[in-house]
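Peer 1: This is start.cif, which holds mmCIF, C-alpha atoms:
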```cif
data_model
loop_
_atom_site.label_atom_id
_atom_site.label_comp_id
_atom_site.auth_asym_id
_atom_site.auth_seq_id
_atom_site.Cartn_x
_atom_site.Cartn_y
_atom_site.Cartn_z
CA MET B 28 131.29 111.08 149.41
CA GLY B 29 128.52 110.52 146.96
CA VAL B 30 125.58 108.23 147.46
CA THR B 31 124.95 105.77 144.66
CA HIS B 32 121.38 105.30 143.46
CA ALA B 33 119.95 102.94 140.87
CA MET B 34 118.58 104.49 137.73
CA THR B 35 116.93 102.73 134.82
CA ILE B 36 116.56 103.75 131.21
CA ILE B 37 113.33 102.34 129.88
CA ARG B 38 112.02 102.05 126.36
CA CYS B 39 109.90 105.03 125.32
CA PRO B 40 106.22 104.72 124.53
CA GLY B 41 105.25 104.69 120.83
CA THR B 42 104.35 107.77 118.85
CA ALA B 43 100.89 108.72 117.68
CA SER B 44 101.19 107.02 114.32
CA GLY B 45 100.54 103.50 115.48
CA GLY B 46 98.96 103.96 118.87
CA ASP B 47 96.03 105.67 120.43
CA GLU B 48 95.73 108.90 118.51
CA LEU B 49 93.25 110.46 120.90
CA GLU B 50 95.59 109.87 123.79
CA ALA B 51 98.41 111.47 121.81
CA ILE B 52 96.22 114.49 121.05
CA ALA B 53 95.23 114.89 124.70
CA LEU B 54 98.89 114.72 125.69
CA ALA B 55 99.82 117.20 122.95
CA ALA B 56 97.35 119.69 124.40
CA ARG B 57 99.27 119.66 127.70
CA ASP B 58 102.81 119.01 126.62
CA PRO B 59 104.64 120.94 123.88
CA ALA B 60 107.08 118.06 123.39
CA ALA B 61 104.16 115.73 122.66
CA PHE B 62 102.72 118.27 120.24
CA GLY B 63 106.14 118.37 118.62
CA ARG B 64 105.89 114.67 117.85
CA LEU B 65 102.48 115.12 116.20
CA TYR B 66 103.70 118.10 114.21
CA ARG B 67 106.83 116.31 112.98
CA GLU B 68 104.76 113.38 111.85
CA HIS B 69 102.31 115.52 109.84
CA TYR B 70 104.39 118.48 108.67
CA PRO B 71 105.68 117.03 105.34
CA ARG B 72 102.15 116.03 104.31
CA VAL B 73 100.71 119.45 105.15
CA ALA B 74 103.60 121.34 103.56
CA GLY B 75 103.25 119.23 100.41
CA TYR B 76 99.53 119.92 100.21
CA LEU B 77 100.10 123.67 100.57
CA TYR B 78 102.89 123.57 97.99
CA ARG B 79 100.63 121.99 95.43
CA ARG B 80 97.80 124.31 96.38
CA VAL B 81 99.73 127.62 96.11
CA GLY B 82 102.53 126.62 93.71
CA ASN B 83 105.33 128.42 95.56
CA GLN B 84 107.66 126.73 98.06
CA ASP B 85 108.33 129.77 100.25
CA VAL B 86 104.66 130.63 100.57
CA ALA B 87 103.81 126.99 101.30
CA GLU B 88 106.49 126.85 104.00
CA ASP B 89 105.20 130.02 105.58
CA LEU B 90 101.62 128.77 105.54
CA ALA B 91 102.64 125.39 106.94
CA GLY B 92 104.37 127.13 109.84
CA GLU B 93 101.27 129.25 110.49
CA THR B 94 99.16 126.09 110.34
CA PHE B 95 101.05 124.30 113.09
CA LEU B 96 101.39 127.38 115.27
CA ALA B 97 97.62 127.82 115.05
CA ALA B 98 97.09 124.11 115.70
CA ARG B 99 99.30 124.33 118.79
CA LYS B 100 97.06 127.05 120.20
CA ALA B 101 93.83 125.28 119.25
CA ILE B 102 94.58 121.65 120.03
CA GLY B 103 93.19 121.96 123.55
CA ARG B 104 89.80 122.64 121.96
CA TYR B 105 90.09 119.78 119.47
CA ARG B 106 86.99 117.59 119.42
CA PRO B 107 87.27 114.17 117.77
CA THR B 108 85.04 113.70 114.74
CA GLY B 109 86.09 110.21 113.81
CA ALA B 110 88.47 111.57 111.18
CA PRO B 111 92.20 111.29 111.77
CA ILE B 112 94.06 114.29 113.18
CA GLY B 113 95.68 114.73 109.77
CA ALA B 114 92.34 115.92 108.38
CA TRP B 115 92.21 118.58 111.09
CA PHE B 116 95.67 119.84 110.19
CA LEU B 117 94.69 119.95 106.51
CA ARG B 118 91.58 121.92 107.41
CA ILE B 119 93.62 124.53 109.25
CA ALA B 120 96.07 124.60 106.33
CA THR B 121 93.19 125.14 103.92
CA ASN B 122 91.86 128.00 106.03
CA LYS B 123 95.32 129.59 106.11
CA ALA B 124 95.68 129.31 102.33
CA ASN B 125 92.19 130.75 101.82
CA GLU B 126 92.87 133.65 104.19
CA ARG B 127 96.05 134.52 102.35
CA ASP B 128 94.35 134.28 98.98
CA ARG B 129 91.54 136.61 100.06
CA ARG B 130 93.94 139.05 101.71
CA SER B 131 96.10 139.20 98.58
CA ARG B 132 93.07 139.92 96.40
CA ARG B 133 91.85 142.68 98.71
CA ARG B 134 95.25 144.33 98.73
CA GLY B 135 95.96 143.69 95.07
CA VAL B 136 99.18 141.89 95.99
CA ALA B 137 100.90 140.05 93.13
CA THR B 138 100.97 136.30 93.60
CA ALA B 139 104.29 134.57 94.16
CA ARG B 140 106.05 132.93 91.24
CA VAL B 141 105.60 129.23 90.71
CA THR B 142 108.45 127.10 92.06
CA HIS B 143 109.92 124.67 89.55
CA GLY B 144 111.97 121.55 90.09
CA PRO B 145 115.52 121.40 88.74
CA GLY B 146 114.49 118.70 86.26
CA ASP B 147 111.51 120.56 84.81
CA ASN B 148 111.97 121.42 81.14
CA ALA B 149 110.62 124.58 79.51
CA GLU B 150 107.42 122.94 78.33
CA ALA B 151 106.66 121.46 81.74
CA ARG B 152 107.29 124.85 83.36
CA GLU B 153 104.96 126.59 80.96
CA ARG B 154 102.19 124.07 81.54
CA VAL B 155 102.45 124.32 85.32
CA GLU B 156 102.50 128.13 85.18
CA THR B 157 99.42 128.15 82.95
CA LEU B 158 97.60 125.91 85.39
CA TYR B 159 98.45 128.09 88.38
CA ARG B 160 97.56 131.32 86.56
CA ALA B 161 94.17 129.80 85.78
CA LEU B 162 93.76 128.39 89.26
CA ARG B 163 94.37 131.78 90.86
CA THR B 164 91.42 133.28 89.00
CA LEU B 165 89.09 130.96 90.93
CA ASN B 166 87.78 131.84 94.36
CA ALA B 167 89.41 130.32 97.47
CA ASP B 168 86.71 127.68 98.01
CA GLN B 169 87.00 126.47 94.44
CA GLN B 170 90.79 126.30 94.68
CA SER B 171 90.50 124.30 97.91
CA VAL B 172 88.18 121.67 96.52
CA LEU B 173 90.27 121.25 93.36
CA ALA B 174 93.46 120.95 95.38
CA LEU B 175 92.07 118.32 97.73
CA VAL B 176 90.35 116.17 95.12
CA TYR B 177 92.72 116.49 92.17
CA PHE B 178 96.11 117.29 93.68
CA GLU B 179 95.75 115.20 96.85
CA SER B 180 93.64 112.46 95.21
CA MET B 181 91.04 112.60 97.99
CA SER B 182 87.58 111.13 97.71
CA VAL B 183 84.65 113.55 97.79
CA ALA B 184 83.76 112.22 101.26
CA ARG B 185 87.26 112.82 102.61
CA ALA B 186 87.42 116.29 101.08
CA ALA B 187 84.07 117.06 102.71
CA THR B 188 85.50 116.01 106.07
CA VAL B 189 88.55 118.24 105.65
CA LEU B 190 86.46 121.22 104.53
CA GLY B 191 83.67 120.64 107.06
CA VAL B 192 80.93 120.73 104.42
CA ARG B 193 78.48 118.21 102.96
CA GLU B 194 79.53 115.89 100.17
CA GLY B 195 76.93 117.51 97.91
CA THR B 196 78.59 120.86 98.47
CA VAL B 197 81.95 119.41 97.48
CA LYS B 198 80.47 117.92 94.31
CA SER B 199 78.80 121.14 93.22
CA ARG B 200 81.87 123.28 94.01
CA LEU B 201 84.03 120.79 92.17
CA ALA B 202 81.89 120.86 89.04
CA ARG B 203 81.82 124.66 88.93
CA ALA B 204 85.53 124.93 89.71
CA ARG B 205 86.48 122.45 87.04
CA ASP B 206 84.38 124.23 84.40
CA ALA B 207 85.80 127.61 85.34
CA LEU B 208 89.34 126.26 85.33
CA ARG B 209 88.94 124.66 81.92
CA VAL B 210 87.61 127.90 80.43
CA GLU B 211 90.46 129.90 81.95
CA VAL B 212 93.12 127.43 80.76
CA GLU B 213 91.73 127.69 77.23
CA ARG B 214 91.70 131.46 77.45
CA LEU B 215 95.34 131.45 78.52
CA GLY B 216 96.20 129.19 75.61
CA GLY B 217 97.23 126.14 77.63
CA LYS B 218 98.23 123.35 75.28
CA PRO B 219 97.60 119.64 75.76
CA MET Z 24 86.19 113.09 77.21
CA ASN Z 25 86.96 115.79 74.66
CA ARG Z 26 90.34 117.36 73.91
CA SER Z 27 89.78 120.24 76.30
CA GLU Z 28 88.90 117.88 79.15
CA LYS Z 29 91.94 115.74 78.45
CA ASN Z 30 94.14 118.80 78.48
CA LEU Z 31 92.78 119.85 81.85
CA GLU Z 32 93.25 116.35 83.27
CA SER Z 33 96.83 116.39 82.08
CA LEU Z 34 97.54 119.77 83.67
CA LEU Z 35 95.98 118.72 86.97
CA GLY Z 36 97.94 115.47 86.90
CA GLY Z 37 101.16 117.44 86.46
CA VAL Z 38 100.53 119.29 89.70
CA ARG Z 39 99.67 116.06 91.51
CA GLU Z 40 103.21 114.85 90.85
CA ARG Z 41 104.85 117.89 92.43
CA ALA Z 42 106.47 116.51 95.56
CA TRP Z 43 107.31 118.79 98.51
CA PRO Z 44 110.87 119.99 97.83
CA GLY Z 45 111.46 121.62 101.21
CA PRO Z 46 112.67 120.47 104.64
CA ASP Z 47 110.73 118.08 106.87
CA ARG Z 48 110.64 120.59 109.71
CA CYS Z 49 109.69 124.22 110.11
CA GLU Z 50 112.19 126.42 111.93
CA ARG Z 51 109.46 128.75 113.26
CA VAL Z 52 107.51 125.88 114.79
CA GLU Z 53 110.62 124.21 116.19
CA THR Z 54 111.67 127.48 117.86
CA ALA Z 55 108.19 128.09 119.27
CA LEU Z 56 108.03 124.60 120.74
CA LYS Z 57 111.48 124.90 122.32
CA GLU Z 58 110.48 128.22 123.87
CA SER Z 59 107.28 126.63 125.23
CA ILE Z 60 109.24 123.81 126.79
CA MET Z 61 111.80 126.18 128.32
CA SER Z 62 109.08 128.52 129.55
CA ALA Z 63 107.30 125.64 131.28
CA ASN Z 64 110.52 124.58 132.95
CA ARG Z 65 111.31 128.09 134.15
CA SER Z 66 108.09 128.15 136.17
CA PHE Z 67 109.53 125.67 138.68
CA VAL Z 68 111.83 126.71 141.48
CA PRO Z 69 114.84 124.46 141.91
CA THR Z 70 115.49 123.54 145.52
CA ARG Z 71 117.90 120.70 145.20
CA SER Z 72 120.44 119.59 142.70
CA ALA Z 73 121.82 116.23 141.83
CA VAL Z 74 124.23 115.10 139.21
CA ILE Z 75 122.83 112.27 137.15
CA LEU Z 76 124.61 110.24 134.53
CA VAL Z 77 122.11 109.43 131.82
CA VAL Z 78 122.77 106.37 129.79
CA ALA Z 79 120.87 106.66 126.55
CA GLY Z 80 119.97 103.61 124.53
CA ALA Z 81 119.36 103.30 120.81
CA LEU Z 82 115.59 103.47 120.52
CA ALA Z 83 115.28 104.52 116.91
CA GLY Z 84 112.27 102.94 115.27
CA GLY Z 85 111.10 101.57 118.56
CA ALA Z 86 113.71 98.85 118.53
CA VAL Z 87 115.38 97.91 121.75
CA ALA Z 88 118.78 96.52 121.10
CA SER Z 89 122.15 96.49 122.65
CA VAL Z 90 124.38 98.97 120.95
CA ALA Z 91 127.92 100.09 121.14
CA THR Z 92 128.57 103.05 123.37
CA HIS Z 93 129.13 105.43 120.51
CA GLN Z 94 126.00 104.56 118.55
CA VAL Z 95 123.52 106.33 120.75
CA MET Z 96 120.68 107.63 118.57
CA SER Z 97 117.71 108.01 120.87
CA LYS Z 98 115.82 111.29 120.92
CA ARG Z 99 113.86 110.42 124.04
CA VAL Z 100 114.79 108.54 127.14
CA LEU Z 101 112.87 107.74 130.25
CA VAL Z 102 114.77 108.38 133.42
CA LYS Z 103 113.97 106.91 136.81
CA THR Z 104 115.58 108.84 139.60
CA HIS Z 105 116.62 107.58 143.00
CA THR Z 106 113.29 108.80 144.39
CA GLY Z 107 111.48 106.42 142.04
CA GLU Z 108 110.07 109.18 139.87
CA MET Z 109 109.99 108.75 136.10
CA PHE Z 110 110.79 111.51 133.63
CA GLU Z 111 110.87 111.57 129.88
CA LEU Z 112 113.68 113.64 128.43
CA GLU Z 113 113.25 114.91 124.90
CA PHE Z 114 116.31 115.67 122.78
CA PRO Z 115 115.05 117.49 119.68
CA GLU Z 116 118.44 117.32 117.98
CA GLY Z 117 119.17 113.75 118.99
CA VAL Z 118 121.36 112.64 121.83
CA ASP Z 119 124.87 111.34 121.93
CA VAL Z 120 127.65 110.63 124.32
CA GLY Z 121 129.00 113.85 125.72
CA ASN Z 122 125.68 115.73 125.68
CA ALA Z 123 124.82 117.35 128.96
CA GLY Z 124 121.99 119.43 130.30
CA GLU Z 125 119.59 120.01 133.12
CA PHE Z 126 115.95 119.36 133.79
CA VAL Z 127 113.73 120.61 136.56
CA THR Z 128 110.90 118.59 138.01
CA GLN Z 129 107.51 119.81 139.16
CA ASP Z 130 108.46 119.58 142.81
CA GLY Z 131 111.40 121.85 142.15
CA ASN Z 132 114.26 119.38 142.05
CA SER Z 133 116.89 120.23 139.49
CA TYR Z 134 118.83 117.41 137.87
CA LYS Z 135 121.93 117.87 135.83
CA PHE Z 136 122.74 115.05 133.47
CA ASP Z 137 125.60 113.83 131.32
CA VAL Z 138 125.06 111.27 128.59
CA VAL Z 139 127.70 108.62 129.02
CA GLY Z 140 126.52 105.84 126.69
CA GLY Z 141 124.98 102.43 127.21
CA ALA Z 142 121.95 100.51 126.01
CA ALA Z 143 118.20 100.60 126.41
CA ASN Z 144 116.65 98.89 129.43
CA GLU Z 145 120.01 98.74 131.04
CA PRO Z 146 120.00 99.77 134.70
CA VAL Z 147 122.85 102.05 135.57
CA THR Z 148 123.88 103.96 138.58
CA SER Z 149 124.18 107.63 139.20
CA GLU Z 150 126.07 109.54 141.78
CA ASP Z 151 124.11 111.93 143.90
CA ASP Z 152 127.00 113.90 145.24
CA SER Z 153 126.14 117.49 144.69
CA PRO Z 154 125.66 119.70 147.71
CA GLU Z 155 122.17 120.26 149.04
CA GLN Z 156 120.76 123.62 147.96
CA THR Z 157 118.46 125.56 150.19
CA PRO Z 158 115.60 127.59 148.80
CA GLU Z 159 116.35 131.29 148.55
CA ASP Z 160 113.64 132.12 151.04
#
```
How does the structure come out when it is put into structure tokens?
Peer 2:
Amino acid sequence: MGVTHAMTIIRCPGTASGGDELEAIALAARDPAAFGRLYREHYPRVAGYLYRRVGNQDVAEDLAGETFLAARKAIGRYRPTGAPIGAWFLRIATNKANERDRRSRRRGVATARVTHGPGDNAEARERVETLYRALRTLNADQQSVLALVYFESMSVARAATVLGVREGTVKSRLARARDALRVEVERLGGKP
Amino acid sequence: MNRSEKNLESLLGGVRERAWPGPDRCERVETALKESIMSANRSFVPTRSAVILVVAGALAGGAVASVATHQVMSKRVLVKTHTGEMFELEFPEGVDVGNAGEFVTQDGNSYKFDVVGGAANEPVTSEDDSPEQTPED
């Protein structure tokens, strides 16, 4: 004969988005399920950033996976800087994209084709491909700063936080990157 | 701004509008997290088993509301066992009536559960009728 016990289902605590982010991060360092909640909240943003940065969906998806696997290992060593955890994920994502870019150059690996949307017409495709061909001639640091400021619409200060450099460094990299990109686009015959 | 600058601005703006076309989750990360959770659970030695009927409430969006039995949507539920301990159960794929599983606590107790329906904050009863298990030692 079974013994009957009382059991109560209680409302779950909130996720990191609206609550104490530091507490959520500390919990995520100990508990993979808690890390899962952080990852699910930030994954689309990080994947989107990498997609715009590298131009190819498969590569972006691969890099986004590497980003969160690396973050899972490193989150126990996370030290708050005042910036939201999203900036930390973007920093890891940037490092992953830079590593891949440098590795590809060393090995002479051809870059992946640009992914196009189903609604993109021929002219739009050509313009995007021109931009990415030009972008890939820049070094990884220049690509990063352009991606954060122009593709992600970040302020110089925010980009500096993500990259872990001074604002002045972001400004000077941005100016050089923009000049180099413009020259390369013209060389490739990109039309307005 | 000259023509060349305008052209560059236009090209950069085109990339800015490229929305992420892929899924909202990464299979590699999901698999790694599931393995971590299972690996952590395997480190405990079950010494006792009890059958628990879990009644999951609809907690989507943080709302607590009475719901029909077959509209269970929660991915996480907190369970209070007869010993007074609280556990949070995570259901990565969602939870619905008919789901069943097992979780193992730090002190080695193993609880089997069956989701039978119900609403959030609703006390229910469970039957602890499984035979006592003795440790293998």
Peer 1: Could you please determine the separation between CA of Gly113 (chain B) and CA of Glu40 (chain Z) in Å, to one decimal place?
Peer 2: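 So the two atoms, CA of Gly113 (chain B) and CA of Glu40 (chain Z), lie 20.4 Å apart.
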Peer 1: Near Thr142 (chain B), counting only C-alpha atoms, which residues have an atom at most 10 Å away, once you skip same-chain residues fewer than 5 positions from it, shown as a count of residues only?
Peer 2: 13
Peer 1: Taking the file as I've supplied it (selection: the PyMOL selection byres ((chain B and resi 75) around 12)), which residues are included? Please answer as a ChimeraX atom specification.
Peer 2: /B:69-74,76-88,90-91,117,120,174-175,178-179 /Z:38-48
Peer 1: What would the file look like if the residues just selected were written as a tab-separated table (two decimals), in the coordinates of the input with C-alpha atoms?
Peer 2:
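Result written to result15.tsv:
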```
chain	number	residue	atom	x	y	z
B	69	HIS	CA	102.31	115.52	109.84
B	70	TYR	CA	104.39	118.48	108.67
B	71	PRO	CA	105.68	117.03	105.34
B	72	ARG	CA	102.15	116.03	104.31
B	73	VAL	CA	100.71	119.45	105.15
B	74	ALA	CA	103.60	121.34	103.56
B	76	TYR	CA	99.53	119.92	100.21
B	77	LEU	CA	100.10	123.67	100.57
B	78	TYR	CA	102.89	123.57	97.99
B	79	ARG	CA	100.63	121.99	95.43
B	80	ARG	CA	97.80	124.31	96.38
B	81	VAL	CA	99.73	127.62	96.11
B	82	GLY	CA	102.53	126.62	93.71
B	83	ASN	CA	105.33	128.42	95.56
B	84	GLN	CA	107.66	126.73	98.06
B	85	ASP	CA	108.33	129.77	100.25
B	86	VAL	CA	104.66	130.63	100.57
B	87	ALA	CA	103.81	126.99	101.30
B	88	GLU	CA	106.49	126.85	104.00
B	90	LEU	CA	101.62	128.77	105.54
B	91	ALA	CA	102.64	125.39	106.94
B	117	LEU	CA	94.69	119.95	106.51
B	120	ALA	CA	96.07	124.60	106.33
B	174	ALA	CA	93.46	120.95	95.38
B	175	LEU	CA	92.07	118.32	97.73
B	178	PHE	CA	96.11	117.29	93.68
B	179	GLU	CA	95.75	115.20	96.85
Z	38	VAL	CA	100.53	119.29	89.70
Z	39	ARG	CA	99.67	116.06	91.51
Z	40	GLU	CA	103.21	114.85	90.85
Z	41	ARG	CA	104.85	117.89	92.43
Z	42	ALA	CA	106.47	116.51	95.56
Z	43	TRP	CA	107.31	118.79	98.51
Z	44	PRO	CA	110.87	119.99	97.83
Z	45	GLY	CA	111.46	121.62	101.21
Z	46	PRO	CA	112.67	120.47	104.64
Z	47	ASP	CA	110.73	118.08	106.87
Z	48	ARG	CA	110.64	120.59	109.71
```
Peer 1: Could you check how far CA of Arg132 (chain B) sits from CA of Val197 (chain B), in Å to one decimal?
Peer 2: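 Interatomic distance here is 23.4 Å.
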Peer 1: Point out the residue among Z:Glu125, Z:Leu35, Z:Met24, Z:Lys29 with the least atom-to-atom distance to Ala161 (chain B), counting only C-alpha atoms.
Peer 2: Z:Leu35
Peer 1: Would you kindly identify which residues have an atom no farther than 12 Å from (101.2, 133.2, 84.8), using all atoms listed in the file and the file's own coordinates, and write them out as a PDB file with C-alpha atoms, in the frame of the given file?
Peer 2:
```pdb
ATOM      1  CA  GLY B  82     102.530 126.620  93.710  1.00  0.00           C
ATOM      2  CA  ALA B 137     100.900 140.050  93.130  1.00  0.00           C
ATOM      3  CA  THR B 138     100.970 136.300  93.600  1.00  0.00           C
ATOM      4  CA  ALA B 139     104.290 134.570  94.160  1.00  0.00           C
ATOM      5  CA  ARG B 140     106.050 132.930  91.240  1.00  0.00           C
ATOM      6  CA  VAL B 141     105.600 129.230  90.710  1.00  0.00           C
ATOM      7  CA  THR B 142     108.450 127.100  92.060  1.00  0.00           C
ATOM      8  CA  ARG B 152     107.290 124.850  83.360  1.00  0.00           C
ATOM      9  CA  GLU B 153     104.960 126.590  80.960  1.00  0.00           C
ATOM     10  CA  ARG B 154     102.190 124.070  81.540  1.00  0.00           C
ATOM     11  CA  VAL B 155     102.450 124.320  85.320  1.00  0.00           C
ATOM     12  CA  GLU B 156     102.500 128.130  85.180  1.00  0.00           C
ATOM     13  CA  THR B 157      99.420 128.150  82.950  1.00  0.00           C
ATOM     14  CA  LEU B 158      97.600 125.910  85.390  1.00  0.00           C
ATOM     15  CA  TYR B 159      98.450 128.090  88.380  1.00  0.00           C
ATOM     16  CA  ARG B 160      97.560 131.320  86.560  1.00  0.00           C
ATOM     17  CA  ALA B 161      94.170 129.800  85.780  1.00  0.00           C
ATOM     18  CA  LEU B 162      93.760 128.390  89.260  1.00  0.00           C
ATOM     19  CA  ARG B 163      94.370 131.780  90.860  1.00  0.00           C
ATOM     20  CA  THR B 164      91.420 133.280  89.000  1.00  0.00           C
ATOM     21  CA  GLU B 211      90.460 129.900  81.950  1.00  0.00           C
ATOM     22  CA  VAL B 212      93.120 127.430  80.760  1.00  0.00           C
ATOM     23  CA  LEU B 215      95.340 131.450  78.520  1.00  0.00           C
ATOM     24  CA  GLY B 216      96.200 129.190  75.610  1.00  0.00           C
ATOM     25  CA  GLY B 217      97.230 126.140  77.630  1.00  0.00           C
TER      26      GLY B 217
END
```
Peer 1: Can you turn the PyMOL selection byres ((chain B and resi 54) around 12) into a concrete residue list for this file, as a PyMOL selection string?
Peer 2: chain B and resi 42-43+47-53+55-65+99+102-103+105
Peer 1: Using CA of Asp206 (chain B) and CA of Arg134 (chain B) as the two end points, give the distance in Å to one decimal.
Peer 2: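 Distance reported for this atom pair: 27.0 Å.
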Peer 1: Looking at Z:Glu58, Z:Glu50, Z:Phe110, Z:Asn30, which one is nearest to chain B, with distances taken over all atoms listed in the file?
Peer 2: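 Looking at the shortest contact to chain B, the residue is Z:Asn30.
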Peer 1: Env of Arg129 (chain B): 12 Å cut, atoms = all atoms listed in the file, seq-sep filter 6 positions within chain, self excluded. Answer as a VMD selection string.
Peer 2: chain B and resid 122 to 123 135 to 136 138 163 to 168 170
Peer 1: Counting only C-alpha atoms, what is within 8 Å of Ser27 (chain Z), bar same-chain residues fewer than 2 positions away, as a PyMOL selection string?
Peer 2: (chain B and resi 209+213+219) or (chain Z and resi 25+29-31)
